[in-house]
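Remarks on the structure that follows.
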Amino acid sequence: MIEERTDCEQTTNQMKKALPIQPFSRLFPLLALVGALMSLSVSAETGRPNPERGPTPVALSIFLLDLDGIDSANQSFQANVYFEATWKDPRLAEASRGGGATRRLEEIWHPRLQILNQQRIWSSMPDVAEIAPDGTVTQRARVWGNFSQPLDLREFPFDSQRIEIPVVAAGYTPDEVTLAPGPESGIGETFSIADWTIADWQMTTEVAIPGAEGARESGVAMVLEAERLRGYYWIKVIAPLILIVAMSWAVNWIDPKDIGTKISITITAMLTLIAYRFAIGAALPQISYLTRMDLFILFSTILIYASLVTVVTTAAFSNKGKPEIAKRIDQVSRWGFPLFFVTSWIFSMAIRT
């Protein structure tokens, strides 16, 4: 009897221990169902709104706050840009009733906006979206940094450049998302950049997508027409070069017998011109074509070299007892060199490089 009672007590204790677990074990299927429903809800919100109605329209406004610089040597520019994208998502209207709401971008669907030519940028606004009671979603962003931009420098330093800020909906074709310029697009009144001015700007949906041929993504771009200010190059580069070349003409008024002085002047002008060439080359990339400045320096170099040849020739005739021929060469060079210089300048400005 004692053994049977002991067995019954053990059985009773085991049942008492098991009874509290049973109600919780029954909750496991319910919890799994709730988790699945929550997962479906999140998945539904992160999917494109109303895909059966066609592409989702997104209005994108781009505002250029500041243009810090255009680097011709590195083929890039530095800018401070503000973006504002808006679209409708009726699924979020219920959550924002009674006032606006904010959600993290990772929690809702968004067009995955990407700047195509960004190199290194910093963002100063959080990755959140504002949701209006009618389901209008607004995403705002402000970025500053470097952007790549191929430049055509054939007209340097009298060139104008096309600067672009292209934005695409990454991973979405025009059949899924359509980007259109927003009404808030524009540019600031003044910029930090000192050697360029913005002549005009426009918004366009013609965006060149890099990658495989036939790649299709919806995009919007701000296109700026930038003109280089020429005053710096006239005052700091071109005017001194003209004086250097004119200095080499002084040898035509010096006696042909004084060959040492004439050669010293010519060599000094040549070395100064070479130093200028290296200084200007540092501001440009290693391009395979000649710019207008290159043509001007090339013709100036030829003219100074011609002055050196003239000095040696007149000295040779003078030493051979033919001073009349030497003086005649100097007389012709006095007007011939300036005429050649003016002609070469006109040619370098008129020729298509």
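Quick note on naming: the chains in the structure tokens go A, B, ... in the order shown, residues restart at 1 in each chain, and ligands are numbered from 1 in order of appearance.
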May I have the residues within 10 Å of range 309-312 of chain A as a PDB file with C-alpha atoms, in the first residue's frame, using only C-alpha atoms and disregarding those fewer than 5 positions away in the same chain?
```pdb
ATOM      1  CA  VAL A 251      66.799  91.515 -79.710  1.00  0.00           C
ATOM      2  CA  ASN A 252      65.893  93.009 -83.108  1.00  0.00           C
ATOM      3  CA  ILE A 254      70.286  95.373 -80.427  1.00  0.00           C
ATOM      4  CA  PRO A 256      74.061  92.052 -84.140  1.00  0.00           C
ATOM      5  CA  LYS A 257      77.615  91.963 -82.748  1.00  0.00           C
ATOM      6  CA  ASP A 258      76.284  91.930 -79.159  1.00  0.00           C
ATOM      7  CA  ILE A 259      75.326  88.254 -79.427  1.00  0.00           C
ATOM      8  CA  GLY A 260      75.699  87.526 -75.683  1.00  0.00           C
ATOM      9  CA  THR A 261      73.004  90.034 -74.677  1.00  0.00           C
ATOM     10  CA  LYS A 262      70.649  88.941 -77.459  1.00  0.00           C
ATOM     11  CA  ILE A 263      70.939  85.236 -76.566  1.00  0.00           C
ATOM     12  CA  THR A 266      65.900  85.014 -75.789  1.00  0.00           C
ATOM     13  CA  LEU A 303      58.005  82.694 -82.030  1.00  0.00           C
ATOM     14  CA  ILE A 304      60.598  82.840 -79.240  1.00  0.00           C
ATOM     15  CA  PHE A 317      76.470  87.400 -90.925  1.00  0.00           C
ATOM     16  CA  SER A 318      78.014  90.096 -88.743  1.00  0.00           C
ATOM     17  CA  ALA A 326      72.275  91.214 -90.454  1.00  0.00           C
ATOM     18  CA  ILE A 329      67.135  90.681 -91.058  1.00  0.00           C
ATOM     19  CA  ASP A 330      66.620  92.669 -87.857  1.00  0.00           C
ATOM     20  CA  SER A 333      61.937  90.852 -87.859  1.00  0.00           C
TER      21      SER A 333
END
```
> Which residues come within 9 Å of range 116-130 of chain A, counting only C-alpha atoms, excluding same-chain residues fewer than 4 positions away, as a PyMOL selection string?
Replying inline: chain A and resi 76+100-106+108+110+136-149+164-168+209-210
For those residues, write N, CA and C atoms to a file as a PDB file, in the first residue's frame.
```pdb
ATOM      1  N   SER A  76      35.603  66.858 -61.989  1.00  0.00           N
ATOM      2  CA  SER A  76      34.584  66.722 -60.962  1.00  0.00           C
ATOM      3  C   SER A  76      34.149  68.106 -60.499  1.00  0.00           C
ATOM      4  N   GLY A 100       0.235  64.451 -39.075  1.00  0.00           N
ATOM      5  CA  GLY A 100       1.305  63.821 -39.825  1.00  0.00           C
ATOM      6  C   GLY A 100       2.042  62.787 -39.002  1.00  0.00           C
ATOM      7  N   ALA A 101       2.740  61.921 -39.697  1.00  0.00           N
ATOM      8  CA  ALA A 101       3.535  60.878 -39.048  1.00  0.00           C
ATOM      9  C   ALA A 101       4.845  60.730 -39.784  1.00  0.00           C
ATOM     10  N   THR A 102       5.811  60.156 -39.121  1.00  0.00           N
ATOM     11  CA  THR A 102       7.110  59.885 -39.737  1.00  0.00           C
ATOM     12  C   THR A 102       7.421  58.407 -39.603  1.00  0.00           C
ATOM     13  N   ARG A 103       8.056  57.881 -40.621  1.00  0.00           N
ATOM     14  CA  ARG A 103       8.474  56.483 -40.613  1.00  0.00           C
ATOM     15  C   ARG A 103       9.878  56.404 -41.195  1.00  0.00           C
ATOM     16  N   ARG A 104      10.621  55.432 -40.736  1.00  0.00           N
ATOM     17  CA  ARG A 104      11.938  55.198 -41.318  1.00  0.00           C
ATOM     18  C   ARG A 104      11.766  54.639 -42.722  1.00  0.00           C
ATOM     19  N   LEU A 105      12.672  55.031 -43.598  1.00  0.00           N
ATOM     20  CA  LEU A 105      12.548  54.594 -44.990  1.00  0.00           C
ATOM     21  C   LEU A 105      12.593  53.078 -45.119  1.00  0.00           C
ATOM     22  N   GLU A 106      13.350  52.446 -44.247  1.00  0.00           N
ATOM     23  CA  GLU A 106      13.480  50.988 -44.334  1.00  0.00           C
ATOM     24  C   GLU A 106      12.190  50.268 -43.960  1.00  0.00           C
ATOM     25  N   ILE A 108       9.056  51.346 -44.971  1.00  0.00           N
ATOM     26  CA  ILE A 108       8.016  51.545 -45.980  1.00  0.00           C
ATOM     27  C   ILE A 108       8.629  51.424 -47.367  1.00  0.00           C
ATOM     28  N   HIS A 110       9.882  52.884 -50.803  1.00  0.00           N
ATOM     29  CA  HIS A 110      10.383  54.157 -51.322  1.00  0.00           C
ATOM     30  C   HIS A 110      11.108  53.876 -52.635  1.00  0.00           C
ATOM     31  N   THR A 136       0.113  60.977 -48.706  1.00  0.00           N
ATOM     32  CA  THR A 136       1.244  61.553 -49.435  1.00  0.00           C
ATOM     33  C   THR A 136       2.524  61.386 -48.619  1.00  0.00           C
ATOM     34  N   VAL A 137       3.530  60.787 -49.236  1.00  0.00           N
ATOM     35  CA  VAL A 137       4.801  60.524 -48.564  1.00  0.00           C
ATOM     36  C   VAL A 137       5.846  61.496 -49.106  1.00  0.00           C
ATOM     37  N   THR A 138       6.581  62.131 -48.219  1.00  0.00           N
ATOM     38  CA  THR A 138       7.622  63.089 -48.606  1.00  0.00           C
ATOM     39  C   THR A 138       8.955  62.644 -48.021  1.00  0.00           C
ATOM     40  N   GLN A 139       9.923  62.484 -48.886  1.00  0.00           N
ATOM     41  CA  GLN A 139      11.285  62.136 -48.473  1.00  0.00           C
ATOM     42  C   GLN A 139      12.195  63.320 -48.760  1.00  0.00           C
ATOM     43  N   ARG A 140      12.917  63.777 -47.755  1.00  0.00           N
ATOM     44  CA  ARG A 140      13.816  64.921 -47.921  1.00  0.00           C
ATOM     45  C   ARG A 140      15.251  64.484 -47.642  1.00  0.00           C
ATOM     46  N   ALA A 141      16.167  65.086 -48.395  1.00  0.00           N
ATOM     47  CA  ALA A 141      17.589  64.768 -48.210  1.00  0.00           C
ATOM     48  C   ALA A 141      18.426  65.981 -48.595  1.00  0.00           C
ATOM     49  N   ARG A 142      19.517  66.158 -47.892  1.00  0.00           N
ATOM     50  CA  ARG A 142      20.479  67.209 -48.215  1.00  0.00           C
ATOM     51  C   ARG A 142      21.867  66.596 -48.180  1.00  0.00           C
ATOM     52  N   VAL A 143      22.585  66.718 -49.289  1.00  0.00           N
ATOM     53  CA  VAL A 143      23.904  66.105 -49.389  1.00  0.00           C
ATOM     54  C   VAL A 143      24.918  67.147 -49.846  1.00  0.00           C
ATOM     55  N   TRP A 144      26.145  66.940 -49.426  1.00  0.00           N
ATOM     56  CA  TRP A 144      27.271  67.774 -49.854  1.00  0.00           C
ATOM     57  C   TRP A 144      28.439  66.851 -50.161  1.00  0.00           C
ATOM     58  N   GLY A 145      29.146  67.155 -51.258  1.00  0.00           N
ATOM     59  CA  GLY A 145      30.299  66.333 -51.586  1.00  0.00           C
ATOM     60  C   GLY A 145      30.740  66.503 -53.016  1.00  0.00           C
ATOM     61  N   ASN A 146      31.486  65.505 -53.499  1.00  0.00           N
ATOM     62  CA  ASN A 146      32.075  65.538 -54.831  1.00  0.00           C
ATOM     63  C   ASN A 146      31.249  64.699 -55.803  1.00  0.00           C
ATOM     64  N   PHE A 147      31.130  65.212 -57.025  1.00  0.00           N
ATOM     65  CA  PHE A 147      30.394  64.534 -58.079  1.00  0.00           C
ATOM     66  C   PHE A 147      31.267  64.510 -59.339  1.00  0.00           C
ATOM     67  N   SER A 148      31.309  63.366 -60.006  1.00  0.00           N
ATOM     68  CA  SER A 148      32.117  63.267 -61.225  1.00  0.00           C
ATOM     69  C   SER A 148      31.394  63.959 -62.383  1.00  0.00           C
ATOM     70  N   GLN A 149      32.187  64.531 -63.302  1.00  0.00           N
ATOM     71  CA  GLN A 149      31.608  65.216 -64.453  1.00  0.00           C
ATOM     72  C   GLN A 149      32.640  65.292 -65.580  1.00  0.00           C
ATOM     73  N   GLU A 164      25.847  68.192 -64.619  1.00  0.00           N
ATOM     74  CA  GLU A 164      24.618  67.444 -64.391  1.00  0.00           C
ATOM     75  C   GLU A 164      24.584  66.830 -62.990  1.00  0.00           C
ATOM     76  N   ILE A 165      23.366  66.779 -62.435  1.00  0.00           N
ATOM     77  CA  ILE A 165      23.100  66.063 -61.193  1.00  0.00           C
ATOM     78  C   ILE A 165      21.970  65.080 -61.496  1.00  0.00           C
ATOM     79  N   PRO A 166      22.296  63.865 -61.968  1.00  0.00           N
ATOM     80  CA  PRO A 166      21.258  62.901 -62.346  1.00  0.00           C
ATOM     81  C   PRO A 166      20.866  61.995 -61.168  1.00  0.00           C
ATOM     82  N   VAL A 167      19.573  61.780 -61.020  1.00  0.00           N
ATOM     83  CA  VAL A 167      19.041  60.926 -59.960  1.00  0.00           C
ATOM     84  C   VAL A 167      18.127  59.882 -60.595  1.00  0.00           C
ATOM     85  N   VAL A 168      18.270  58.628 -60.191  1.00  0.00           N
ATOM     86  CA  VAL A 168      17.456  57.544 -60.744  1.00  0.00           C
ATOM     87  C   VAL A 168      16.800  56.762 -59.618  1.00  0.00           C
ATOM     88  N   ILE A 209      21.883  56.270 -68.582  1.00  0.00           N
ATOM     89  CA  ILE A 209      22.103  55.232 -67.572  1.00  0.00           C
ATOM     90  C   ILE A 209      23.356  54.446 -67.931  1.00  0.00           C
ATOM     91  N   PRO A 210      24.388  54.433 -67.082  1.00  0.00           N
ATOM     92  CA  PRO A 210      25.577  53.637 -67.387  1.00  0.00           C
ATOM     93  C   PRO A 210      25.283  52.156 -67.231  1.00  0.00           C
TER      94      PRO A 210
END
```
> Mind checking DSSP for range 143-223 of chain A and telling me the strand (DSSP E or B) residues as a count of residues only?
Replying inline: 37
> Between A:Trp109, A:Phe341, A:Tyr82, A:Phe63, which one has atoms that come closest to Pro51 in chain A, using only C-alpha atoms?
Replying inline: A:Trp109
>> Applying 10 Å and only C-alpha atoms, which residues near Ala282 in chain A remain after dropping the ones on its own chain fewer than 5 positions away? List them as a PyMOL selection string.
In response: chain A and resi 72-73+277
Given the selection you just returned, output its residues as a file containing C-alpha atoms, formatted as a JSON list (two decimals), in the first residue's frame.
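Result saved to selection-v1.json:
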```
[["chain", "number", "residue", "atom", "x", "y", "z"],
["A", 72, "SER", "CA", 39.03, 70.64, -64.39],
["A", 73, "ALA", "CA", 42.03, 68.47, -63.56],
["A", 277, "ARG", "CA", 53.40, 75.96, -69.47]]
```
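Distances from A:Trp253, A:Ile346, A:Ile242, A:Leu271 to Lys327 in chain A were compared using only C-alpha atoms, and the smallest one belongs to A:Trp253.
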>> Residues of range 117-330 of chain A classed as helix (DSSP H, G or I) by DSSP on the backbone are to be reported as a PyMOL selection string.
In response: chain A and resi 231-253+259-281+292-319+323-330
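Using only C-alpha atoms, the shortest contact distance between Pro338 in chain A and any of A:Val245, A:Ala315, A:Met270, A:Ala350 is found at A:Val245.
Once Glu176 in chain A and its same-chain neighbours fewer than 4 positions away are set aside, Gly47, Arg48, Pro49, Asn50, Pro51, Glu52, Arg53, Gly54, Pro55, Thr56, Pro57, Val58, Pro111, Ala169, Ala170, Gly171, Tyr172, Arg216, Glu217 and Ser218 of chain A remain within 12 Å of it when counting only C-alpha atoms.
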>> I'd like the contact shell of Leu290 in chain A - 10 Å cut-off, only C-alpha atoms, skipping same-chain residues fewer than 5 positions apart - returned as an MDAnalysis selection string.
In response: chainID A and resid 153:156 295:296 298 353
> Do you have the CA of Phe299 in chain A-CA of Gly336 in chain A distance handy?
Replying inline: 14.1 Å
